[in-house]
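Source file: protein-v6.pdb (PDB, C-alpha atoms and all ligand atoms)
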ATOM      1  CA  MET A   1     -48.475  -1.203  19.335
ATOM      2  CA  SER A   2     -49.940  -0.889  22.812
ATOM      3  CA  THR A   3     -52.447  -3.472  23.907
ATOM      4  CA  SER A   4     -53.515  -1.606  27.045
ATOM      5  CA  THR A   5     -57.176  -0.556  26.960
ATOM      6  CA  GLY A   6     -57.350   0.825  30.497
ATOM      7  CA  GLY A   7     -59.830  -1.864  31.508
ATOM      8  CA  TRP A   8     -62.669  -0.278  29.520
ATOM      9  CA  HIS A   9     -64.608  -2.216  26.881
ATOM     10  CA  ALA A  10     -67.502  -1.217  24.670
ATOM     11  CA  ASP A  11     -70.859  -2.608  25.786
ATOM     12  CA  GLU A  12     -73.212  -4.391  23.380
ATOM     13  CA  ASP A  13     -75.500  -1.349  23.193
ATOM     14  CA  LEU A  14     -72.675   0.957  22.057
ATOM     15  CA  LEU A  15     -71.414  -1.600  19.533
ATOM     16  CA  SER A  16     -74.860  -2.021  18.040
ATOM     17  CA  ARG A  17     -75.498   1.756  17.909
ATOM     18  CA  TYR A  18     -72.086   2.248  16.268
ATOM     19  CA  VAL A  19     -72.860  -0.346  13.603
ATOM     20  CA  ARG A  20     -76.246   1.313  12.892
ATOM     21  CA  GLY A  21     -74.503   4.711  12.682
ATOM     22  CA  ASP A  22     -76.381   6.067  15.733
ATOM     23  CA  ALA A  23     -73.463   6.358  18.169
ATOM     24  CA  GLY A  24     -72.735  10.046  17.589
ATOM     25  CA  PRO A  25     -69.416  11.380  16.301
ATOM     26  CA  VAL A  26     -67.542  11.559  19.629
ATOM     27  CA  ALA A  27     -68.528   8.093  20.838
ATOM     28  CA  ALA A  28     -67.860   6.674  17.354
ATOM     29  CA  ALA A  29     -64.392   8.245  17.178
ATOM     30  CA  SER A  30     -63.458   7.048  20.631
ATOM     31  CA  LEU A  31     -64.787   3.561  19.904
ATOM     32  CA  GLU A  32     -62.754   3.456  16.685
ATOM     33  CA  GLN A  33     -59.626   4.352  18.676
ATOM     34  CA  HIS A  34     -60.444   1.558  21.106
ATOM     35  CA  LEU A  35     -61.110  -0.978  18.349
ATOM     36  CA  LEU A  36     -57.629  -0.390  16.974
ATOM     37  CA  ARG A  37     -56.192  -1.666  20.251
ATOM     38  CA  CYS A  38     -58.768  -4.189  21.407
ATOM     39  CA  ALA A  39     -59.070  -7.549  19.656
ATOM     40  CA  SER A  40     -61.847  -8.662  21.982
ATOM     41  CA  CYS A  41     -64.136  -5.750  21.048
ATOM     42  CA  ARG A  42     -63.286  -6.269  17.357
ATOM     43  CA  ASP A  43     -64.435  -9.862  17.770
ATOM     44  CA  ARG A  44     -67.653  -8.774  19.482
ATOM     45  CA  ILE A  45     -68.535  -6.051  16.981
ATOM     46  CA  ALA A  46     -68.505  -8.617  14.186
ATOM     47  CA  ALA A  47     -71.629 -10.204  15.721
ATOM     48  CA  HIS A  48     -73.480  -6.880  15.274
ATOM     49  CA  VAL A  49     -72.538  -6.420  11.635
ATOM     50  CA  PRO A  50     -74.785  -7.970   8.967
ATOM     51  CA  VAL A  51     -72.574  -9.377   6.194
ATOM     52  CA  PRO A  52     -73.916  -7.104   3.398
ATOM     53  CA  LEU A  53     -73.025  -4.085   5.595
ATOM     54  CA  LEU A  54     -69.431  -5.304   5.944
ATOM     55  CA  ASP A  55     -69.210  -5.583   2.180
ATOM     56  CA  ALA A  56     -70.617  -2.073   1.849
ATOM     57  CA  ALA A  57     -68.031  -0.723   4.326
ATOM     58  CA  TRP A  58     -65.213  -2.302   2.352
ATOM     59  CA  GLU A  59     -66.658  -0.896  -0.880
ATOM     60  CA  ARG A  60     -66.750   2.580   0.666
ATOM     61  CA  VAL A  61     -63.146   2.396   1.849
ATOM     62  CA  ARG A  62     -62.118   1.097  -1.544
ATOM     63  CA  ASP A  63     -63.988   3.889  -3.345
ATOM     64  CA  GLU A  64     -62.330   6.519  -1.148
ATOM     65  CA  ALA A  65     -58.945   5.005  -1.822
ATOM     66  CA  VAL A  66     -59.673   4.823  -5.547
ATOM     67  CA  ALA A  67     -60.857   8.449  -5.694
ATOM     68  CA  GLY A  68     -57.489   9.843  -4.628
ATOM     69  CA  ARG A  69     -55.172   7.296  -6.126
ATOM     70  CA  PRO A  70     -52.692   7.728  -8.922
ATOM     71  CA  ARG A  71     -54.105   5.241 -11.421
ATOM     72  CA  ARG A  72     -51.009   5.332 -13.600
ATOM     73  CA  LEU A  73     -48.809   4.024 -10.775
ATOM     74  CA  GLU A  74     -51.293   1.260  -9.990
ATOM     75  CA  ARG A  75     -51.404   0.176 -13.636
ATOM     76  CA  LEU A  76     -47.604   0.236 -13.811
ATOM     77  CA  LEU A  77     -47.343  -1.972 -10.702
ATOM     78  CA  VAL A  78     -49.843  -4.466 -12.110
ATOM     79  CA  ARG A  79     -47.871  -4.565 -15.358
ATOM     80  CA  LEU A  80     -44.712  -5.273 -13.309
ATOM     81  CA  GLY A  81     -46.438  -8.336 -11.869
ATOM     82  CA  VAL A  82     -47.733  -6.927  -8.560
ATOM     83  CA  PRO A  83     -51.142  -8.492  -7.698
ATOM     84  CA  ALA A  84     -54.026  -5.997  -8.136
ATOM     85  CA  PRO A  85     -55.016  -5.668  -4.423
ATOM     86  CA  ASP A  86     -51.362  -5.013  -3.505
ATOM     87  CA  ALA A  87     -51.007  -2.491  -6.323
ATOM     88  CA  LEU A  88     -54.077  -0.570  -5.097
ATOM     89  CA  LEU A  89     -52.796  -0.320  -1.526
ATOM     90  CA  VAL A  90     -49.264   0.596  -2.594
ATOM     91  CA  ALA A  91     -50.431   3.231  -5.078
ATOM     92  CA  THR A  92     -52.573   5.034  -2.477
ATOM     93  CA  ALA A  93     -49.576   5.872  -0.246
ATOM     94  CA  PRO A  94     -49.482   9.682   0.175
ATOM     95  CA  SER A  95     -45.726   9.816  -0.418
ATOM     96  CA  LEU A  96     -46.160   8.169  -3.815
ATOM     97  CA  ARG A  97     -48.552  10.855  -5.063
ATOM     98  CA  THR A  98     -47.422  13.140  -7.860
ATOM     99  CA  SER A  99     -47.461  16.203  -5.568
ATOM    100  CA  TRP A 100     -45.037  14.526  -3.153
ATOM    101  CA  LEU A 101     -42.705  13.446  -5.974
ATOM    102  CA  VAL A 102     -42.748  16.939  -7.538
ATOM    103  CA  GLY A 103     -41.844  18.384  -4.119
ATOM    104  CA  LEU A 104     -39.018  15.860  -3.897
ATOM    105  CA  VAL A 105     -37.585  16.860  -7.289
ATOM    106  CA  VAL A 106     -37.751  20.597  -6.468
ATOM    107  CA  THR A 107     -35.985  19.953  -3.132
ATOM    108  CA  LEU A 108     -33.290  17.934  -4.885
ATOM    109  CA  VAL A 109     -32.639  20.674  -7.447
ATOM    110  CA  PHE A 110     -31.919  23.106  -4.599
ATOM    111  CA  VAL A 111     -29.866  20.567  -2.680
ATOM    112  CA  GLY A 112     -27.896  19.647  -5.809
ATOM    113  CA  LEU A 113     -27.171  23.304  -6.654
ATOM    114  CA  GLY A 114     -26.173  23.904  -3.037
ATOM    115  CA  ALA A 115     -23.813  20.946  -3.064
ATOM    116  CA  ALA A 116     -22.311  22.020  -6.415
ATOM    117  CA  TYR A 117     -21.791  25.714  -5.642
ATOM    118  CA  GLY A 118     -22.256  26.104  -1.897
ATOM    119  CA  GLY A 119     -18.889  24.766  -0.724
ATOM    120  CA  ASP A 120     -18.857  23.030   2.653
ATOM    121  CA  ARG A 121     -22.199  24.468   3.629
ATOM    122  CA  GLY A 122     -23.803  23.058   0.471
ATOM    123  CA  LEU A 123     -22.179  19.693   1.119
ATOM    124  CA  THR A 124     -23.494  19.697   4.695
ATOM    125  CA  PHE A 125     -26.969  20.450   3.383
ATOM    126  CA  PHE A 126     -26.780  17.565   0.920
ATOM    127  CA  LEU A 127     -25.600  15.131   3.606
ATOM    128  CA  LEU A 128     -28.379  16.386   5.838
ATOM    129  CA  VAL A 129     -31.190  15.916   3.324
ATOM    130  CA  ALA A 130     -30.232  12.919   1.149
ATOM    131  CA  PRO A 131     -30.503  10.109   3.761
ATOM    132  CA  LEU A 132     -33.699  11.605   5.186
ATOM    133  CA  VAL A 133     -35.559  11.610   1.841
ATOM    134  CA  PRO A 134     -36.410   7.874   1.916
ATOM    135  CA  VAL A 135     -37.086   8.051   5.676
ATOM    136  CA  ALA A 136     -39.682  10.805   5.195
ATOM    137  CA  GLY A 137     -41.165   8.965   2.223
ATOM    138  CA  VAL A 138     -41.617   5.746   4.189
ATOM    139  CA  ALA A 139     -42.947   7.609   7.252
ATOM    140  CA  PHE A 140     -45.746   9.090   5.149
ATOM    141  CA  ALA A 141     -46.398   5.879   3.245
ATOM    142  CA  TYR A 142     -47.772   3.920   6.160
ATOM    143  CA  GLY A 143     -49.557   4.294   9.485
ATOM    144  CA  PRO A 144     -52.286   6.488  10.954
ATOM    145  CA  ASP A 145     -50.840   9.634   9.323
ATOM    146  CA  ALA A 146     -51.180   8.098   5.875
ATOM    147  CA  ASP A 147     -54.979   7.818   5.513
ATOM    148  CA  PRO A 148     -57.149   6.493   4.008
ATOM    149  CA  SER A 149     -55.322   3.317   3.099
ATOM    150  CA  HIS A 150     -54.374   2.667   6.715
ATOM    151  CA  GLU A 151     -58.100   2.305   7.386
ATOM    152  CA  ALA A 152     -58.435  -0.015   4.417
ATOM    153  CA  ALA A 153     -55.656  -2.110   5.914
ATOM    154  CA  LEU A 154     -57.462  -2.138   9.261
ATOM    155  CA  ALA A 155     -60.927  -2.836   7.874
ATOM    156  CA  THR A 156     -59.720  -6.102   6.360
ATOM    157  CA  PRO A 157     -57.336  -8.799   7.577
ATOM    158  CA  TYR A 158     -54.768  -7.726   4.959
ATOM    159  CA  PRO A 159     -51.299  -8.540   6.339
ATOM    160  CA  ALA A 160     -49.907  -5.238   7.585
ATOM    161  CA  THR A 161     -46.274  -6.337   7.261
ATOM    162  CA  ARG A 162     -46.845  -7.026   3.593
ATOM    163  CA  LEU A 163     -48.293  -3.541   3.091
ATOM    164  CA  LEU A 164     -45.409  -1.984   5.025
ATOM    165  CA  LEU A 165     -42.731  -3.776   2.997
ATOM    166  CA  LEU A 166     -44.436  -3.252  -0.367
ATOM    167  CA  ARG A 167     -44.817   0.476   0.262
ATOM    168  CA  THR A 168     -41.253   0.766   1.543
ATOM    169  CA  ALA A 169     -39.981  -0.908  -1.616
ATOM    170  CA  ALA A 170     -42.107   1.425  -3.747
ATOM    171  CA  VAL A 171     -40.912   4.525  -1.880
ATOM    172  CA  LEU A 172     -37.249   3.485  -2.148
ATOM    173  CA  ALA A 173     -37.675   2.748  -5.858
ATOM    174  CA  ALA A 174     -39.261   6.169  -6.383
ATOM    175  CA  SER A 175     -37.029   8.322  -4.157
ATOM    176  CA  LEU A 176     -33.509   6.866  -4.258
ATOM    177  CA  PRO A 177     -32.791   7.191  -8.015
ATOM    178  CA  PRO A 178     -33.511  10.974  -8.153
ATOM    179  CA  VAL A 179     -31.326  11.608  -5.077
ATOM    180  CA  LEU A 180     -28.578   9.413  -6.522
ATOM    181  CA  LEU A 181     -28.800  11.222  -9.857
ATOM    182  CA  ALA A 182     -28.588  14.608  -8.119
ATOM    183  CA  ALA A 183     -25.544  13.375  -6.184
ATOM    184  CA  LEU A 184     -23.735  11.997  -9.244
ATOM    185  CA  LEU A 185     -24.191  15.292 -11.097
ATOM    186  CA  VAL A 186     -22.265  17.121  -8.362
ATOM    187  CA  PRO A 187     -18.517  16.547  -8.898
ATOM    188  CA  ALA A 188     -17.584  17.958  -5.460
ATOM    189  CA  LEU A 189     -19.318  15.014  -3.770
ATOM    190  CA  SER A 190     -16.980  12.309  -5.169
ATOM    191  CA  TRP A 191     -17.388   9.039  -3.185
ATOM    192  CA  THR A 192     -19.895  10.577  -0.773
ATOM    193  CA  ALA A 193     -22.270  10.605  -3.774
ATOM    194  CA  VAL A 194     -23.062   6.952  -3.031
ATOM    195  CA  ALA A 195     -21.856   6.482   0.566
ATOM    196  CA  TRP A 196     -24.938   8.273   1.957
ATOM    197  CA  LEU A 197     -27.029   5.310   0.764
ATOM    198  CA  LEU A 198     -25.833   3.267   3.738
ATOM    199  CA  PRO A 199     -27.131   5.621   6.476
ATOM    200  CA  ALA A 200     -30.249   6.158   4.336
ATOM    201  CA  LEU A 201     -31.058   2.428   4.272
ATOM    202  CA  SER A 202     -30.048   1.993   7.908
ATOM    203  CA  LEU A 203     -32.325   4.843   9.053
ATOM    204  CA  THR A 204     -35.163   3.414   6.940
ATOM    205  CA  ALA A 205     -34.692  -0.017   8.544
ATOM    206  CA  ALA A 206     -34.699   1.607  11.995
ATOM    207  CA  LEU A 207     -37.933   3.413  11.080
ATOM    208  CA  LEU A 208     -39.594   0.145  10.023
ATOM    209  CA  ALA A 209     -38.503  -1.642  13.209
ATOM    210  CA  ALA A 210     -39.670   1.220  15.455
ATOM    211  CA  SER A 211     -43.005   1.477  13.620
ATOM    212  CA  THR A 212     -44.012  -1.814  15.250
ATOM    213  CA  TRP A 213     -44.220   0.243  18.500
ATOM    214  CA  VAL A 214     -44.890   3.889  17.621
ATOM    215  CA  ARG A 215     -46.344   5.765  14.673
ATOM    216  CA  PRO A 216     -43.778   6.125  11.859
ATOM    217  CA  THR A 217     -43.942   9.937  11.631
ATOM    218  CA  VAL A 218     -42.870  10.236  15.285
ATOM    219  CA  THR A 219     -39.935   7.883  14.731
ATOM    220  CA  ALA A 220     -38.979   9.702  11.526
ATOM    221  CA  ALA A 221     -38.893  13.038  13.390
ATOM    222  CA  ALA A 222     -36.637  11.519  16.071
ATOM    223  CA  LEU A 223     -34.319   9.918  13.508
ATOM    224  CA  GLY A 224     -34.250  13.179  11.529
ATOM    225  CA  ALA A 225     -33.273  15.132  14.634
ATOM    226  CA  GLY A 226     -30.512  12.616  15.462
ATOM    227  CA  TRP A 227     -29.116  12.657  11.936
ATOM    228  CA  THR A 228     -29.252  16.475  11.804
ATOM    229  CA  ALA A 229     -27.343  16.672  15.088
ATOM    230  CA  ALA A 230     -24.686  14.266  13.770
ATOM    231  CA  VAL A 231     -24.207  16.116  10.476
ATOM    232  CA  THR A 232     -24.133  19.611  11.994
ATOM    233  CA  SER A 233     -21.658  18.606  14.693
ATOM    234  CA  ALA A 234     -19.412  16.999  12.040
ATOM    235  CA  SER A 235     -19.736  20.156   9.978
ATOM    236  CA  ARG A 236     -18.770  22.358  12.956
ATOM    237  CA  ALA A 237     -15.707  20.155  13.427
ATOM    238  CA  ALA A 238     -14.655  21.263   9.900
ATOM    239  CA  ASP A 239     -15.557  18.117   7.915
ATOM    240  CA  PRO A 240     -19.210  17.274   7.227
ATOM    241  CA  THR A 241     -18.187  14.047   5.460
ATOM    242  CA  ALA A 242     -16.974  12.727   8.848
ATOM    243  CA  VAL A 243     -20.478  11.210   9.210
ATOM    244  CA  LEU A 244     -19.473   8.904   6.340
ATOM    245  CA  ALA A 245     -16.161   7.755   7.882
ATOM    246  CA  PRO A 246     -15.465   4.051   7.164
ATOM    247  CA  ALA A 247     -15.951   3.003  10.809
ATOM    248  CA  LEU A 248     -19.323   4.755  10.882
ATOM    249  CA  LEU A 249     -20.376   3.128   7.600
ATOM    250  CA  VAL A 250     -19.761  -0.263   9.229
ATOM    251  CA  ALA A 251     -21.805   0.868  12.240
ATOM    252  CA  TYR A 252     -24.695   1.922   9.952
ATOM    253  CA  ALA A 253     -24.637  -1.489   8.258
ATOM    254  CA  VAL A 254     -24.662  -3.313  11.614
ATOM    255  CA  LEU A 255     -27.480  -1.128  12.975
ATOM    256  CA  GLY A 256     -29.481  -1.629   9.780
ATOM    257  CA  CYS A 257     -29.159  -5.419  10.034
ATOM    258  CA  LEU A 258     -30.164  -5.324  13.706
ATOM    259  CA  ALA A 259     -33.207  -3.203  12.844
ATOM    260  CA  LEU A 260     -34.272  -5.683  10.143
ATOM    261  CA  LEU A 261     -33.898  -8.502  12.664
ATOM    262  CA  VAL A 262     -36.103  -6.627  15.153
ATOM    263  CA  LEU A 263     -38.647  -6.009  12.385
ATOM    264  CA  ALA A 264     -38.712  -9.699  11.496
ATOM    265  CA  LEU A 265     -39.197 -10.676  15.152
ATOM    266  CA  ARG A 266     -41.834  -7.991  15.740
ATOM    267  CA  SER A 267     -43.730  -8.387  12.474
ATOM    268  CA  ARG A 268     -46.257 -10.615  14.234
ATOM    269  CA  SER A 269     -47.548  -7.588  16.157
ATOM    270  CA  LEU A 270     -48.168  -5.815  12.845
ATOM    271  CA  THR A 271     -50.046  -8.673  11.225
ATOM    272  CA  THR A 272     -52.662  -8.561  14.001
ATOM    273  CA  LEU A 273     -53.869  -5.172  12.718
ATOM    274  CA  GLY A 274     -57.418  -5.455  11.461
ATOM    275  CA  SER A 275     -57.618  -9.202  12.010
ATOM    276  CA  PRO A 276     -59.346 -10.603  15.084
ATOM    277  CA  SER A 277     -56.563 -13.092  15.930
TER
HETATM  278 ZN    ZN B 301     -62.376  -3.652  24.319
END

Show me, as structure tokens, the structure contained in the file I just sent.
Ligand SMILES: [Zn+2]
Amino acid sequence: MSTSTGGWHADEDLLSRYVRGDAGPVAAASLEQHLLRCASCRDRIAAHVPVPLLDAAWERVRDEAVAGRPRRLERLLVRLGVPAPDALLVATAPSLRTSWLVGLVVTLVFVGLGAAYGGDRGLTFFLLVAPLVPVAGVAFAYGPDADPSHEAALATPYPATRLLLLRTAAVLAASLPPVLLAALLVPALSWTAVAWLLPALSLTAALLAASTWVRPTVTAAALGAGWTAAVTSASRAADPTAVLAPALLVAYAVLGCLALLVLALRSRSLTTLGSPS
């Protein structure tokens, strides 16, 4: 995340008008953008906010999150031992909503049929889509494109890395089994039915590491384009499964480990989100 603010900082008058709700929509939106990047202004705005108002703001964010959340998923997570605040934030991820999961299943039916009956072209399509399913799910589970929970994460000093990892785990748990099932039902796939998991996890790790710098949807689009280029060029060279050659599988594993290392080293920049430190 960039820390450059171009030298501009909000003055006390603007901060106080913003807190009272008198700043006007344009000034308020631009101040909010600035507050995301500027710890010093976040510190200063706290002095303008009466404590009951802060509580009210948190209540409002929570209500908005609750209004659109899948309660069943949240209850399930709590039953599995996930603490209630974590369960709420995980369950509000857009890519864990029923509509997203239904879309996923419909996609997989087509991909599975294509892989079963579509010959090499169907196989190419499967190899194209399967590893990108968890990547897309994670990209839309976190970050500014996944409102409103991102705001909830920013409005409180909730550790952003924790949210990121919890949602990633939830997305993988929700999206990998259906893809795996679809793959195992297609006899033509043989060992590639599981080998795609390695690039899938490696791309997801790369997405997490890159999301400490840029918004996850941008990274996901770039990774998707790269993977598509690799699969289509392998397919043109007569064998789409070349993207799962043993040497490449080792490379995916190494890249995935490197990405996790980067994420661990960079996670400090994520935890500063929403907290004045
Ligand atoms: Zn500032």

Quick one: apply the PyMOL selection byres (((chain A and resi 45) around 10) and not hetatm) to the file and drop the selected residues here as JSON, numbers by chain. {"A": [10, 11, 12, 14, 15, 16, 18, 19, 35, 39, 40, 41, 42, 43, 44, 46, 47, 48, 49]}

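Interatomic distance, CA of Ala205 (chain A) to CA of Ala259 (chain A): 5.6 Å.
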
Pull out every residue that the PyMOL selection byres (((chain A and resi 197) around 12) and not hetatm) matches in the shown coordinates and put them as an mmCIF file with C-alpha atoms, keeping the file's coordinate frame.
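Now in expr_32.cif:
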data_model
loop_
_atom_site.group_PDB
_atom_site.id
_atom_site.type_symbol
_atom_site.label_atom_id
_atom_site.label_comp_id
_atom_site.auth_asym_id
_atom_site.auth_seq_id
_atom_site.Cartn_x
_atom_site.Cartn_y
_atom_site.Cartn_z
ATOM 1 C CA LEU A 127 -25.600 15.131 3.606
ATOM 2 C CA VAL A 129 -31.190 15.916 3.324
ATOM 3 C CA ALA A 130 -30.232 12.919 1.149
ATOM 4 C CA PRO A 131 -30.503 10.109 3.761
ATOM 5 C CA LEU A 132 -33.699 11.605 5.186
ATOM 6 C CA VAL A 133 -35.559 11.610 1.841
ATOM 7 C CA PRO A 134 -36.410 7.874 1.916
ATOM 8 C CA VAL A 135 -37.086 8.051 5.676
ATOM 9 C CA LEU A 172 -37.249 3.485 -2.148
ATOM 10 C CA SER A 175 -37.029 8.322 -4.157
ATOM 11 C CA LEU A 176 -33.509 6.866 -4.258
ATOM 12 C CA PRO A 177 -32.791 7.191 -8.015
ATOM 13 C CA VAL A 179 -31.326 11.608 -5.077
ATOM 14 C CA LEU A 180 -28.578 9.413 -6.522
ATOM 15 C CA ALA A 183 -25.544 13.375 -6.184
ATOM 16 C CA TRP A 191 -17.388 9.039 -3.185
ATOM 17 C CA THR A 192 -19.895 10.577 -0.773
ATOM 18 C CA ALA A 193 -22.270 10.605 -3.774
ATOM 19 C CA VAL A 194 -23.062 6.952 -3.031
ATOM 20 C CA ALA A 195 -21.856 6.482 0.566
ATOM 21 C CA TRP A 196 -24.938 8.273 1.957
ATOM 22 C CA LEU A 198 -25.833 3.267 3.738
ATOM 23 C CA PRO A 199 -27.131 5.621 6.476
ATOM 24 C CA ALA A 200 -30.249 6.158 4.336
ATOM 25 C CA LEU A 201 -31.058 2.428 4.272
ATOM 26 C CA SER A 202 -30.048 1.993 7.908
ATOM 27 C CA LEU A 203 -32.325 4.843 9.053
ATOM 28 C CA THR A 204 -35.163 3.414 6.940
ATOM 29 C CA LEU A 244 -19.473 8.904 6.340
ATOM 30 C CA LEU A 249 -20.376 3.128 7.600
ATOM 31 C CA TYR A 252 -24.695 1.922 9.952
ATOM 32 C CA ALA A 253 -24.637 -1.489 8.258
ATOM 33 C CA GLY A 256 -29.481 -1.629 9.780
#

Test item: residues at most 10 Å from region 97-107 of chain A, only C-alpha atoms, excluding those fewer than 6 positions along its chain, as a VMD selection string: chain A and resid 68 to 70 73 91 129 133 137 140 to 141 171 174 to 175 178 to 179 182

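The shortest atom-to-atom distance to ligand ZN 301 (chain B), with all atoms listed in the file taken into account, belongs to A:Leu36 out of A:Val26, A:Leu255, A:Leu165, A:Leu36.
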
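From CA of Leu260 (chain A) back to CA of Thr161 (chain A), the distance works out to 12.4 Å.
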
Nearest to ligand ZN 301 (chain B) by atom-to-atom distance, counting all atoms listed in the file, from A:Leu223, A:Ala230, A:Leu31, A:Ala169: A:Leu31

Evaluate the PyMOL selection byres (((chain A and resi 124) around 8) and not hetatm) against this structure - the residues, as a PyMOL selection string, please. chain A and resi 115+120-123+125-128+231-232+235+240-241

Rank A:Leu166, A:Cys38, A:Ala229, A:Val111 by their smallest atom-to-atom distance to ligand ZN 301 (chain B), using only C-alpha atoms and all ligand atoms, and report the top residue only.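 Of the candidates, the smallest distance to ligand ZN 301 (chain B) is held by A:Cys38.
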
Would you mind telling me which residue in A:Gly7, A:Pro246, A:Gly21, A:Gly224 lies nearest to Ala206 (chain A) when using all atoms listed in the file?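 Counting all atoms listed in the file, the residue closest to Ala206 (chain A) is A:Gly224.
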
If I take CA of Val218 (chain A) and CA of Leu164 (chain A), how far is one from the other in Å, to one decimal? 16.2 Å

Can you pull out every residue within 12 Å of Val78 (chain A), counting all atoms listed in the file, but drop anything in the same chain fewer than 4 positions away, and send it as a compact mmCIF listing (two decimals) with C-alpha atoms, in the coordinates of the input?
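Output contents, as saved in selection_34.txt:
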# COMPACT_ATOMS: atom_id res chain seq x y z
CA ARG A 71 -54.10 5.24 -11.42
CA ARG A 72 -51.01 5.33 -13.60
CA LEU A 73 -48.81 4.02 -10.78
CA GLU A 74 -51.29 1.26 -9.99
CA VAL A 82 -47.73 -6.93 -8.56
CA PRO A 83 -51.14 -8.49 -7.70
CA ALA A 84 -54.03 -6.00 -8.14
CA PRO A 85 -55.02 -5.67 -4.42
CA ASP A 86 -51.36 -5.01 -3.50
CA ALA A 87 -51.01 -2.49 -6.32
CA LEU A 88 -54.08 -0.57 -5.10
CA LEU A 89 -52.80 -0.32 -1.53
CA VAL A 90 -49.26 0.60 -2.59
CA ALA A 91 -50.43 3.23 -5.08

Under the rule that all atoms listed in the file are counted, which of A:Glu32, A:Ala242, A:Gly226, A:Ala27 is the nearest residue to ligand ZN 301 (chain B)? A:Glu32

Please, could all heavy atoms be added to region 127-132 of chain A and the result written as a short mmCIF file (atom, residue, chain, number, x, y, z; two decimals), in the coordinates of the input?
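result_6.cif, written as the output of this step:
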data_model
loop_
_atom_site.label_atom_id
_atom_site.label_comp_id
_atom_site.auth_asym_id
_atom_site.auth_seq_id
_atom_site.Cartn_x
_atom_site.Cartn_y
_atom_site.Cartn_z
N LEU A 127 -25.72 16.28 2.69
CA LEU A 127 -25.60 15.13 3.61
C LEU A 127 -26.74 15.11 4.62
O LEU A 127 -27.14 14.06 5.12
CB LEU A 127 -24.25 15.17 4.33
CG LEU A 127 -23.05 14.87 3.44
CD1 LEU A 127 -21.75 15.12 4.19
CD2 LEU A 127 -23.11 13.42 2.95
N LEU A 128 -27.25 16.28 4.91
CA LEU A 128 -28.38 16.39 5.84
C LEU A 128 -29.65 15.83 5.21
O LEU A 128 -30.38 15.04 5.82
CB LEU A 128 -28.57 17.88 6.17
CG LEU A 128 -29.22 18.25 7.48
CD1 LEU A 128 -28.38 17.73 8.63
CD2 LEU A 128 -29.34 19.77 7.56
N VAL A 129 -29.90 16.21 3.96
CA VAL A 129 -31.19 15.92 3.32
C VAL A 129 -31.24 14.52 2.70
O VAL A 129 -32.21 13.78 2.90
CB VAL A 129 -31.51 16.99 2.25
CG1 VAL A 129 -32.74 16.59 1.45
CG2 VAL A 129 -31.72 18.33 2.92
N ALA A 130 -30.17 14.14 1.97
CA ALA A 130 -30.23 12.92 1.15
C ALA A 130 -30.69 11.68 1.93
O ALA A 130 -31.63 11.00 1.50
CB ALA A 130 -28.88 12.68 0.46
N PRO A 131 -30.07 11.34 3.08
CA PRO A 131 -30.50 10.11 3.76
C PRO A 131 -31.90 10.22 4.37
O PRO A 131 -32.52 9.20 4.67
CB PRO A 131 -29.45 9.93 4.87
CG PRO A 131 -28.32 10.81 4.50
CD PRO A 131 -28.92 11.95 3.76
N LEU A 132 -32.38 11.45 4.56
CA LEU A 132 -33.70 11.60 5.19
C LEU A 132 -34.84 11.56 4.17
O LEU A 132 -36.01 11.41 4.56
CB LEU A 132 -33.75 12.91 5.99
CG LEU A 132 -32.79 12.97 7.19
CD1 LEU A 132 -32.94 14.30 7.92
CD2 LEU A 132 -33.03 11.81 8.15
#
